[in-house]
file final-v8.cif (mmCIF, C-alpha atoms)
data_data
#
loop_
_atom_site.label_atom_id
_atom_site.label_comp_id
_atom_site.auth_asym_id
_atom_site.auth_seq_id
_atom_site.Cartn_x
_atom_site.Cartn_y
_atom_site.Cartn_z
CA MET K 1 -14.66 -11.42 11.24
CA SER K 2 -16.61 -8.16 11.14
CA ASN K 3 -14.67 -5.13 10.03
CA THR K 4 -16.08 -3.27 13.04
CA LEU K 5 -13.65 -5.28 15.12
CA PHE K 6 -10.60 -3.91 13.35
CA PRO K 7 -8.75 -1.61 15.79
CA THR K 8 -7.19 1.68 14.76
CA GLU K 9 -3.96 0.58 16.43
CA LEU K 10 -2.59 -2.92 16.82
CA PRO K 11 -1.31 -4.35 20.11
CA THR K 12 2.44 -4.61 20.52
CA THR K 13 4.32 -7.14 18.43
CA GLN K 14 5.26 -9.05 21.58
CA GLU K 15 1.62 -9.27 22.68
CA MET K 16 0.42 -10.44 19.28
CA TYR K 17 3.18 -13.03 18.92
CA LYS K 18 2.33 -14.39 22.39
CA ALA K 19 -1.35 -14.59 21.40
CA LEU K 20 -0.37 -16.42 18.20
CA CYS K 21 1.73 -18.98 20.06
CA GLU K 22 -1.07 -19.56 22.57
CA ARG K 23 -3.78 -19.57 19.87
CA ASP K 24 -5.69 -17.07 21.96
CA SER K 25 -9.22 -16.80 20.52
CA GLU K 26 -9.74 -13.42 22.19
CA TYR K 27 -7.55 -11.92 19.47
CA GLU K 28 -9.80 -13.12 16.64
CA GLY K 29 -10.65 -10.02 14.63
CA ILE K 30 -7.84 -8.00 16.24
CA PHE K 31 -4.97 -8.99 13.96
CA ILE K 32 -3.92 -11.18 11.03
CA VAL K 33 -0.43 -12.69 10.86
CA GLY K 34 1.61 -13.04 7.65
CA VAL K 35 4.27 -15.76 7.60
CA LYS K 36 7.20 -14.67 5.44
CA THR K 37 8.71 -18.13 4.98
CA THR K 38 5.50 -19.57 3.48
CA GLY K 39 3.83 -16.47 2.02
CA ILE K 40 0.51 -17.19 3.74
CA PHE K 41 -1.52 -15.25 6.29
CA CYS K 42 -3.43 -16.78 9.18
CA ARG K 43 -5.77 -16.17 12.07
CA PRO K 44 -4.36 -15.89 15.59
CA THR K 45 -5.86 -19.33 16.31
CA CYS K 46 -4.36 -21.18 13.33
CA PRO K 47 -3.37 -24.75 14.35
CA ALA K 48 -0.29 -24.77 12.08
CA LYS K 49 3.21 -24.93 13.56
CA LYS K 50 4.18 -21.52 14.88
CA PRO K 51 6.88 -19.62 12.96
CA LEU K 52 9.73 -17.72 14.57
CA GLU K 53 8.89 -14.17 15.57
CA LYS K 54 11.38 -12.77 13.04
CA ASN K 55 9.44 -14.50 10.26
CA VAL K 56 6.03 -12.90 10.87
CA SER K 57 4.34 -9.61 10.08
CA PHE K 58 1.11 -8.46 11.73
CA TYR K 59 -1.79 -6.70 10.03
CA GLY K 60 -5.03 -5.18 11.24
CA ASN K 61 -7.16 -6.85 8.60
CA VAL K 62 -7.26 -9.25 5.68
CA ARG K 63 -7.10 -6.45 3.11
CA ASP K 64 -3.69 -5.25 4.32
CA ALA K 65 -2.30 -8.80 4.44
CA LEU K 66 -3.40 -9.38 0.85
CA ALA K 67 -1.90 -6.09 -0.29
CA ALA K 68 1.40 -7.08 1.30
CA GLY K 69 1.52 -10.15 -0.95
CA PHE K 70 0.33 -12.93 1.39
CA ARG K 71 -2.27 -15.54 0.41
CA PRO K 72 -4.89 -17.00 2.77
CA CYS K 73 -4.08 -20.12 4.79
CA LYS K 74 -6.03 -23.23 3.78
CA ARG K 75 -6.11 -24.55 7.36
CA CYS K 76 -7.52 -21.64 9.35
CA ARG K 77 -9.27 -19.99 6.36
CA PRO K 78 -8.93 -16.33 7.35
CA MET K 79 -11.05 -15.20 4.39
CA GLU K 80 -14.08 -16.96 5.84
CA ALA K 81 -16.24 -15.60 8.62
CA PHE K 82 -15.05 -17.13 11.88
CA GLY K 83 -13.55 -20.08 10.02
CA THR K 84 -16.70 -21.15 8.21
CA ALA K 85 -17.94 -19.57 5.00
CA PRO K 86 -21.67 -19.57 4.35
CA GLU K 87 -22.64 -22.53 2.22
CA TRP K 88 -23.81 -20.32 -0.64
CA LEU K 89 -20.31 -18.76 -0.94
CA ALA K 90 -18.16 -21.87 -0.52
CA ASN K 91 -17.96 -22.74 -4.23
CA LEU K 92 -16.82 -19.23 -5.20
CA LEU K 93 -14.11 -19.11 -2.51
CA SER K 94 -12.87 -22.51 -3.63
CA GLN K 95 -12.63 -21.42 -7.26
CA ILE K 96 -10.85 -18.19 -6.33
CA GLU K 97 -8.13 -20.22 -4.64
CA GLU K 98 -7.88 -22.61 -7.59
CA PHE K 99 -7.75 -19.82 -10.20
CA PRO K 100 -6.30 -16.79 -8.37
CA ASP K 101 -5.58 -14.81 -11.56
CA ARG K 102 -9.09 -15.03 -12.96
CA ARG K 103 -11.00 -11.76 -13.14
CA TRP K 104 -14.50 -12.42 -11.94
CA LYS K 105 -17.27 -10.30 -13.42
CA ASP K 106 -20.84 -9.96 -12.25
CA HIS K 107 -22.07 -12.28 -15.01
CA ASP K 108 -19.56 -14.94 -13.82
CA LEU K 109 -21.08 -14.74 -10.35
CA ARG K 110 -24.57 -15.09 -11.76
CA GLU K 111 -23.49 -18.20 -13.66
CA LEU K 112 -22.63 -19.70 -10.26
CA GLY K 113 -26.08 -18.80 -9.03
CA LEU K 114 -24.82 -15.88 -6.93
CA GLU K 115 -26.26 -12.41 -6.73
CA PRO K 116 -23.34 -9.92 -7.14
CA ALA K 117 -24.81 -7.46 -4.62
CA ARG K 118 -24.99 -10.21 -1.98
CA VAL K 119 -21.35 -11.17 -2.61
CA ARG K 120 -20.29 -7.53 -2.34
CA ARG K 121 -22.14 -7.10 0.95
CA TRP K 122 -20.53 -10.21 2.45
CA PHE K 123 -16.99 -9.13 1.57
CA LYS K 124 -17.72 -5.61 2.78
CA ALA K 125 -19.10 -6.83 6.10
CA GLN K 126 -16.40 -9.43 6.74
CA HIS K 127 -13.30 -7.75 5.30
CA GLY K 128 -14.09 -4.08 4.82
CA MET K 129 -13.91 -4.19 1.01
CA THR K 130 -16.08 -5.22 -1.90
CA PHE K 131 -15.49 -8.42 -3.85
CA HIS K 132 -14.02 -6.52 -6.82
CA CYS K 133 -11.76 -4.55 -4.49
CA TYR K 134 -10.63 -7.89 -3.05
CA GLN K 135 -9.77 -9.12 -6.54
CA ARG K 136 -7.71 -6.00 -7.33
CA THR K 137 -5.91 -6.24 -4.00
CA ARG K 138 -5.22 -9.93 -4.55
CA ARG K 139 -3.74 -9.31 -8.01
CA LEU K 140 -1.50 -6.57 -6.69
CA GLY K 141 -0.53 -8.72 -3.74
CA ARG K 142 0.49 -11.56 -6.00
CA ALA K 143 2.56 -9.15 -8.09
CA ILE K 144 4.54 -7.87 -5.12
CA GLY K 145 4.30 -11.07 -3.08
CA GLN K 146 8.03 -11.70 -3.20
CA ILE K 147 8.65 -8.64 -1.07
CA GLN K 148 9.74 -10.02 2.27
CA VAL K 149 11.10 -8.55 5.46
CA ASP K 150 14.68 -9.49 6.31
CA ASN K 151 15.09 -9.18 10.06
CA GLN K 152 18.43 -11.00 10.01
CA SER K 153 20.21 -7.88 8.79
CA ALA K 154 18.21 -5.28 10.71
CA THR K 155 17.54 -4.36 14.31
CA SER K 156 14.36 -5.55 15.94
CA ALA K 157 12.82 -2.11 15.47
CA GLN K 158 13.43 -2.03 11.73
CA LEU K 159 11.25 -3.22 8.89
CA ASN K 160 13.84 -3.30 6.10
CA SER K 161 12.31 -5.16 3.20
CA GLY K 162 13.47 -6.54 -0.11
CA TYR K 163 13.08 -9.13 -2.81
CA GLU K 164 14.86 -12.43 -2.40
CA SER K 165 16.44 -12.09 -5.83
CA ALA K 166 16.70 -9.67 -8.71
CA SER K 167 14.92 -12.10 -11.02
CA GLY K 168 12.11 -12.50 -8.50
CA PHE K 169 11.75 -8.75 -8.34
CA ARG K 170 11.56 -8.44 -12.12
CA ASP K 171 9.06 -11.28 -12.44
CA ALA K 172 6.81 -9.71 -9.81
CA PHE K 173 6.87 -6.32 -11.46
CA LYS K 174 6.19 -7.77 -14.88
CA LYS K 175 2.99 -9.21 -13.45
CA LEU K 176 2.13 -5.88 -11.87
CA PHE K 177 2.68 -3.82 -15.01
CA GLU K 178 1.15 -6.22 -17.48
CA ASN K 179 -2.18 -4.55 -16.69
CA VAL K 180 -0.77 -1.15 -17.74
CA PRO K 181 -0.25 -1.34 -21.51
CA PRO K 182 2.50 0.95 -22.84
CA SER K 183 1.13 4.20 -24.23
CA ARG K 184 2.29 5.81 -27.43
CA ALA K 185 3.74 9.26 -27.46
CA ARG K 186 1.86 11.85 -29.46
CA GLY K 187 2.98 11.98 -33.06
CA ASP K 188 4.94 14.84 -34.56
CA SER K 189 3.59 17.30 -37.08
CA THR K 190 3.80 14.72 -39.81
CA GLY K 191 1.56 12.39 -37.87
CA SER K 192 4.18 9.74 -37.22
CA ALA K 193 4.39 8.20 -33.74
CA GLU K 194 7.41 7.26 -31.73
CA SER K 195 7.68 4.70 -29.00
CA ALA K 196 6.78 5.97 -25.56
CA LYS K 197 9.74 7.05 -23.47
CA PRO K 198 10.82 4.68 -20.68
CA MET K 199 9.81 5.15 -17.08
CA TYR K 200 12.29 3.24 -14.95
CA VAL K 201 10.76 1.40 -12.02
CA ASN K 202 12.57 -0.05 -9.04
CA ARG K 203 12.07 -0.72 -5.36
CA VAL K 204 13.50 1.25 -2.48
CA LEU K 205 14.03 -0.50 0.83
CA THR K 206 13.07 1.50 3.92
CA GLU K 207 12.51 0.98 7.62
CA LEU K 208 8.76 1.26 7.05
CA GLY K 209 8.67 -1.34 4.31
CA PRO K 210 9.49 -1.47 0.59
CA MET K 211 8.53 1.39 -1.69
CA VAL K 212 7.98 1.51 -5.43
CA CYS K 213 9.88 4.27 -7.22
CA ALA K 214 9.31 5.39 -10.81
CA ALA K 215 11.47 7.99 -12.58
CA ASN K 216 12.39 9.14 -16.06
CA GLU K 217 14.87 11.71 -17.34
CA GLN K 218 12.79 14.52 -15.78
CA GLY K 219 12.79 13.22 -12.22
CA LEU K 220 10.61 11.15 -9.88
CA HIS K 221 7.02 10.49 -10.88
CA LEU K 222 6.08 8.02 -8.14
CA LEU K 223 7.32 7.02 -4.69
CA GLU K 224 4.80 4.91 -2.86
CA PHE K 225 4.67 2.12 -0.29
CA ALA K 226 4.39 -1.23 -2.05
CA ASP K 227 1.45 -2.39 0.06
CA ARG K 228 -0.69 0.69 -0.49
CA ARG K 229 -4.10 -0.15 -1.92
CA MET K 230 -3.96 2.73 -4.42
CA LEU K 231 -0.59 1.72 -5.89
CA GLU K 232 -2.11 0.12 -8.98
CA THR K 233 -4.27 3.22 -9.53
CA GLN K 234 -1.28 5.52 -9.09
CA ILE K 235 0.73 3.52 -11.61
CA LYS K 236 -2.05 3.87 -14.17
CA ARG K 237 -2.20 7.62 -13.51
CA VAL K 238 1.51 7.98 -14.16
CA ASN K 239 1.08 6.00 -17.36
CA LYS K 240 -1.79 8.23 -18.48
CA LEU K 241 -0.02 11.47 -17.59
CA THR K 242 3.33 10.61 -19.16
CA ARG K 243 2.35 8.16 -21.92
CA CYS K 244 5.34 6.09 -20.87
CA THR K 245 6.63 2.56 -21.14
CA PHE K 246 7.55 1.03 -17.78
CA VAL K 247 10.97 -0.57 -17.64
CA ILE K 248 12.56 -2.33 -14.69
CA GLY K 249 15.75 -0.48 -13.82
CA GLU K 250 17.06 2.69 -12.25
CA ASN K 251 18.58 6.03 -13.13
CA GLU K 252 20.28 8.87 -11.26
CA PHE K 253 17.04 9.90 -9.55
CA HIS K 254 16.50 6.43 -8.07
CA ARG K 255 20.00 6.52 -6.63
CA SER K 256 19.47 10.06 -5.35
CA ILE K 257 16.21 9.32 -3.54
CA GLN K 258 17.59 6.12 -2.02
CA GLY K 259 20.43 8.08 -0.44
CA GLU K 260 18.12 10.83 0.76
CA LEU K 261 15.64 8.38 2.26
CA GLN K 262 18.46 6.70 4.16
CA ALA K 263 19.48 10.07 5.55
CA TRP K 264 15.86 10.96 6.41
CA PHE K 265 15.33 7.71 8.30
CA ALA K 266 18.61 8.33 10.14
CA GLY K 267 17.27 11.71 11.24
CA LYS K 268 19.93 13.57 9.24
CA LEU K 269 17.80 15.04 6.44
CA GLU K 270 14.89 17.46 6.70
CA LYS K 271 14.30 18.53 3.10
CA PHE K 272 14.53 16.38 -0.03
CA GLN K 273 16.36 17.69 -3.09
CA THR K 274 15.72 14.93 -5.63
CA PRO K 275 13.63 16.45 -8.47
CA ILE K 276 9.98 15.38 -8.53
CA VAL K 277 7.44 15.90 -11.30
CA LEU K 278 4.18 17.21 -9.84
CA LYS K 279 1.44 16.51 -12.34
CA GLY K 280 -2.23 16.72 -11.49
CA THR K 281 -5.15 19.11 -11.61
CA THR K 282 -4.49 22.75 -10.83
CA PHE K 283 -6.04 22.31 -7.38
CA GLN K 284 -4.06 19.14 -6.63
CA GLU K 285 -0.79 20.83 -7.53
CA GLN K 286 -1.68 23.80 -5.31
CA VAL K 287 -2.31 21.47 -2.37
CA TRP K 288 0.88 19.48 -2.97
CA ARG K 289 2.94 22.67 -3.03
CA GLN K 290 1.34 23.65 0.28
CA LEU K 291 2.48 20.29 1.68
CA LEU K 292 6.04 21.00 0.58
CA GLN K 293 5.97 24.18 2.66
CA ILE K 294 5.19 22.36 5.93
CA ARG K 295 8.40 22.29 7.93
CA TYR K 296 10.02 19.11 9.13
CA GLY K 297 8.61 18.08 12.51
CA GLU K 298 5.59 20.36 12.20
CA SER K 299 2.01 19.73 11.10
CA ARG K 300 -0.92 21.55 9.53
CA SER K 301 -4.63 20.92 9.55
CA TYR K 302 -6.77 20.46 6.45
CA GLU K 303 -8.51 23.67 7.46
CA GLN K 304 -5.25 25.62 7.55
CA ILE K 305 -4.28 24.43 4.09
CA ALA K 306 -7.70 25.32 2.69
CA LYS K 307 -7.40 28.82 4.19
CA ASN K 308 -3.92 29.23 2.71
CA LEU K 309 -5.48 28.49 -0.66
CA GLU K 310 -8.10 31.17 0.05
CA ASN K 311 -10.78 28.50 -0.15
CA PRO K 312 -11.73 27.73 3.50
CA LYS K 313 -14.61 25.47 2.50
CA ALA K 314 -12.35 23.14 0.53
CA MET K 315 -11.19 21.02 3.48
CA ARG K 316 -12.63 17.83 2.05
CA ALA K 317 -11.09 18.53 -1.35
CA VAL K 318 -7.76 19.13 0.38
CA GLY K 319 -8.08 15.73 2.03
CA LYS K 320 -8.76 14.06 -1.31
CA ALA K 321 -5.76 15.79 -2.92
CA ASN K 322 -3.68 14.54 0.00
CA GLY K 323 -4.81 11.00 -0.75
CA ASP K 324 -3.89 11.44 -4.40
CA ASN K 325 -0.31 12.45 -3.56
CA ARG K 326 2.10 10.12 -5.40
CA PHE K 327 5.21 10.94 -3.34
CA ALA K 328 5.07 9.42 0.14
CA ILE K 329 7.43 11.07 2.67
CA VAL K 330 8.91 13.45 0.05
CA VAL K 331 5.67 15.41 -0.38
CA PRO K 332 4.83 15.19 3.32
CA CYS K 333 1.10 14.52 3.44
CA HIS K 334 1.82 12.69 6.70
CA ARG K 335 2.19 16.14 8.30
CA VAL K 336 -1.49 16.94 7.76
CA ILE K 337 -3.75 16.17 10.71
CA ARG K 338 -7.22 17.09 11.91
CA ALA K 339 -7.88 20.48 13.50
CA ASP K 340 -8.24 18.83 16.93
CA GLY K 341 -4.75 17.33 16.63
CA SER K 342 -5.88 13.76 15.99
CA LEU K 343 -4.62 11.68 13.09
CA SER K 344 -6.76 11.12 10.04
CA GLY K 345 -6.46 8.48 7.37
CA TYR K 346 -3.21 7.82 5.53
CA GLY K 347 -2.85 5.76 2.37
CA GLY K 348 0.20 3.94 3.68
CA GLY K 349 -1.50 3.16 7.00
CA VAL K 350 -2.10 5.37 10.03
CA TRP K 351 0.62 3.48 11.90
CA ARG K 352 3.17 4.74 9.36
CA LYS K 353 1.85 8.28 9.68
CA GLN K 354 2.25 8.17 13.46
CA TRP K 355 5.74 6.70 13.13
CA MET K 356 6.87 9.42 10.73
CA LEU K 357 5.51 12.25 12.86
CA ASN K 358 7.16 10.80 15.97
CA HIS K 359 10.41 10.22 14.07
CA GLU K 360 10.65 13.83 12.90
CA GLN K 361 9.87 15.23 16.34
CA ARG K 362 12.42 12.94 18.01
CA SER K 363 15.06 13.89 15.45
CA LEU K 364 14.54 17.59 16.10
CA LYS K 365 15.06 17.05 19.81
CA THR K 366 18.26 15.01 19.40
CA ASN K 367 19.92 17.12 16.69
#

call {"tool": "encode", "arguments": {"input": "final-v8.cif", "output": "structure tokens"}}
result
Amino acid sequence: MSNTLFPTELPTTQEMYKALCERDSEYEGIFIVGVKTTGIFCRPTCPAKKPLEKNVSFYGNVRDALAAGFRPCKRCRPMEAFGTAPEWLANLLSQIEEFPDRRWKDHDLRELGLEPARVRRWFKAQHGMTFHCYQRTRRLGRAIGQIQVDNQSATSAQLNSGYESASGFRDAFKKLFENVPPSRARGDSTGSAESAKPMYVNRVLTELGPMVCAANEQGLHLLEFADRRMLETQIKRVNKLTRCTFVIGENEFHRSIQGELQAWFAGKLEKFQTPIVLKGTTFQEQVWRQLLQIRYGESRSYEQIAKNLENPKAMRAVGKANGDNRFAIVVPCHRVIRADGSLSGYGGGVWRKQWMLNHEQRSLKTN
């Protein structure tokens, strides 16, 4: 399944579900389907019994399905090229499935008689990511794998998501944060150290999927889509910047942003008031403050933002700062587009970016 086949936009849900039911081979490489009731993802041609439409989610590639918490189907083998892995890779793929939490290093691959560069090239060609990126995505996916979409309590156009139970949510997040050891706060003048202050972490359910929210007594430090590839990196950055201890729970800022997000999705809120803590390099913070000045329903180009910063050659740096933004929707990096009006990349998925832009423009017309 070459990554060159991955489309920028997926077909309609109805078209993909029809192709799934008919096992249409023409859709191989076009989409991957995640089955919420089993937690697995499959090819369009999988021979397994077809799930109900309300129990599936569609993705453009394997990477996104993994990040959303699904594991590969053992029948149709979506991780393998066109259903059959090369013989030299079969043993590794088998061991990955048997020991999904193992962290494979280059020397482990060599012990299996595999050249790490060859493994990286295969994963890059077939799935658009290196082998080590696949491992990171798989770990994160397992940590948030209990996030499921509940279509029984939402309209067909909604993607309200949530954990099946509070205990399941806590267990998943413990796995996610076990790779971020608690920092210690700097000691006082006497050299003693105190325990790091808590950073409360919880999920926020939205129509575009679940989000991870982190806040302390100062305000929000993170609001990101749970399936974003950079989530684990962003969590580590928050930990490094704040020297915090992550605790599952919520405070007033979680409750505030949940209410504001509900109003935003209903088209009744244009500007967020929940306090956020912007911490980054001087340039990053300058870019993020420029984003906050973009009006609801409007857009700016990377070039315009660079010019506003009196650094017209910094368009690429502006784009990178956009990607490092830790506050999806609230710090509206989705309102930044190319100079020709086309959409560029978005950490939460270009489809979300398009949805948000359309949503804001529709809301302006109806209000």

call {"tool": "resolve_selection", "arguments": {"input": "final-v8.cif", "expression": "the PyMOL selection byres ((chain K and resi 71) around 7)", "output": "list of chain:residue names"}}
result
K:Gly39, K:Ile40, K:Phe41, K:Leu66, K:Gly69, K:Phe70, K:Pro72, K:Cys73

call {"tool": "closest_residue", "arguments": {"input": "final-v8.cif", "among": "K:Tyr59, K:Lys307, K:Arg352, K:Arg77", "to": "Glu207 of chain K", "atoms": "all atoms listed in the file"}}
result
K:Arg352

call {"tool": "atom_distance", "arguments": {"input": "final-v8.cif", "atom1": "atom CA of Ile96 of chain K", "atom2": "atom CA of Thr37 of chain K"}}
result
22.6 Å

call {"tool": "resolve_selection", "arguments": {"input": "final-v8.cif", "expression": "the PyMOL selection byres ((chain K and resi 254) around 12)", "output": "ChimeraX atom specification"}}
result
/K:199-205,211-223,248-253,255-261,274-276

call {"tool": "resolve_selection", "arguments": {"input": "final-v8.cif", "expression": "the PyMOL selection byres ((chain K and resi 114-121) around 10)", "output": "PyMOL selection string"}}
result
chain K and resi 88-89+92+105-113+122-134

call {"tool": "closest_residue", "arguments": {"input": "final-v8.cif", "among": "K:Val350, K:Ile329, K:Val35, K:Met230", "to": "Gln262 of chain K", "atoms": "all atoms listed in the file"}}
result
K:Ile329

call {"tool": "atom_distance", "arguments": {"input": "final-v8.cif", "atom1": "atom CA of Ile337 of chain K", "atom2": "atom CA of Ser301 of chain K"}}
result
5.0 Å

call {"tool": "atom_distance", "arguments": {"input": "final-v8.cif", "atom1": "atom CA of Thr366 of chain K", "atom2": "atom CA of Ile294 of chain K"}}
result
20.2 Å

call {"tool": "closest_residue", "arguments": {"input": "final-v8.cif", "among": "K:His359, K:Arg289, K:Lys268, K:Arg229", "to": "Val331 of chain K", "atoms": "all atoms listed in the file"}}
result
K:Arg289
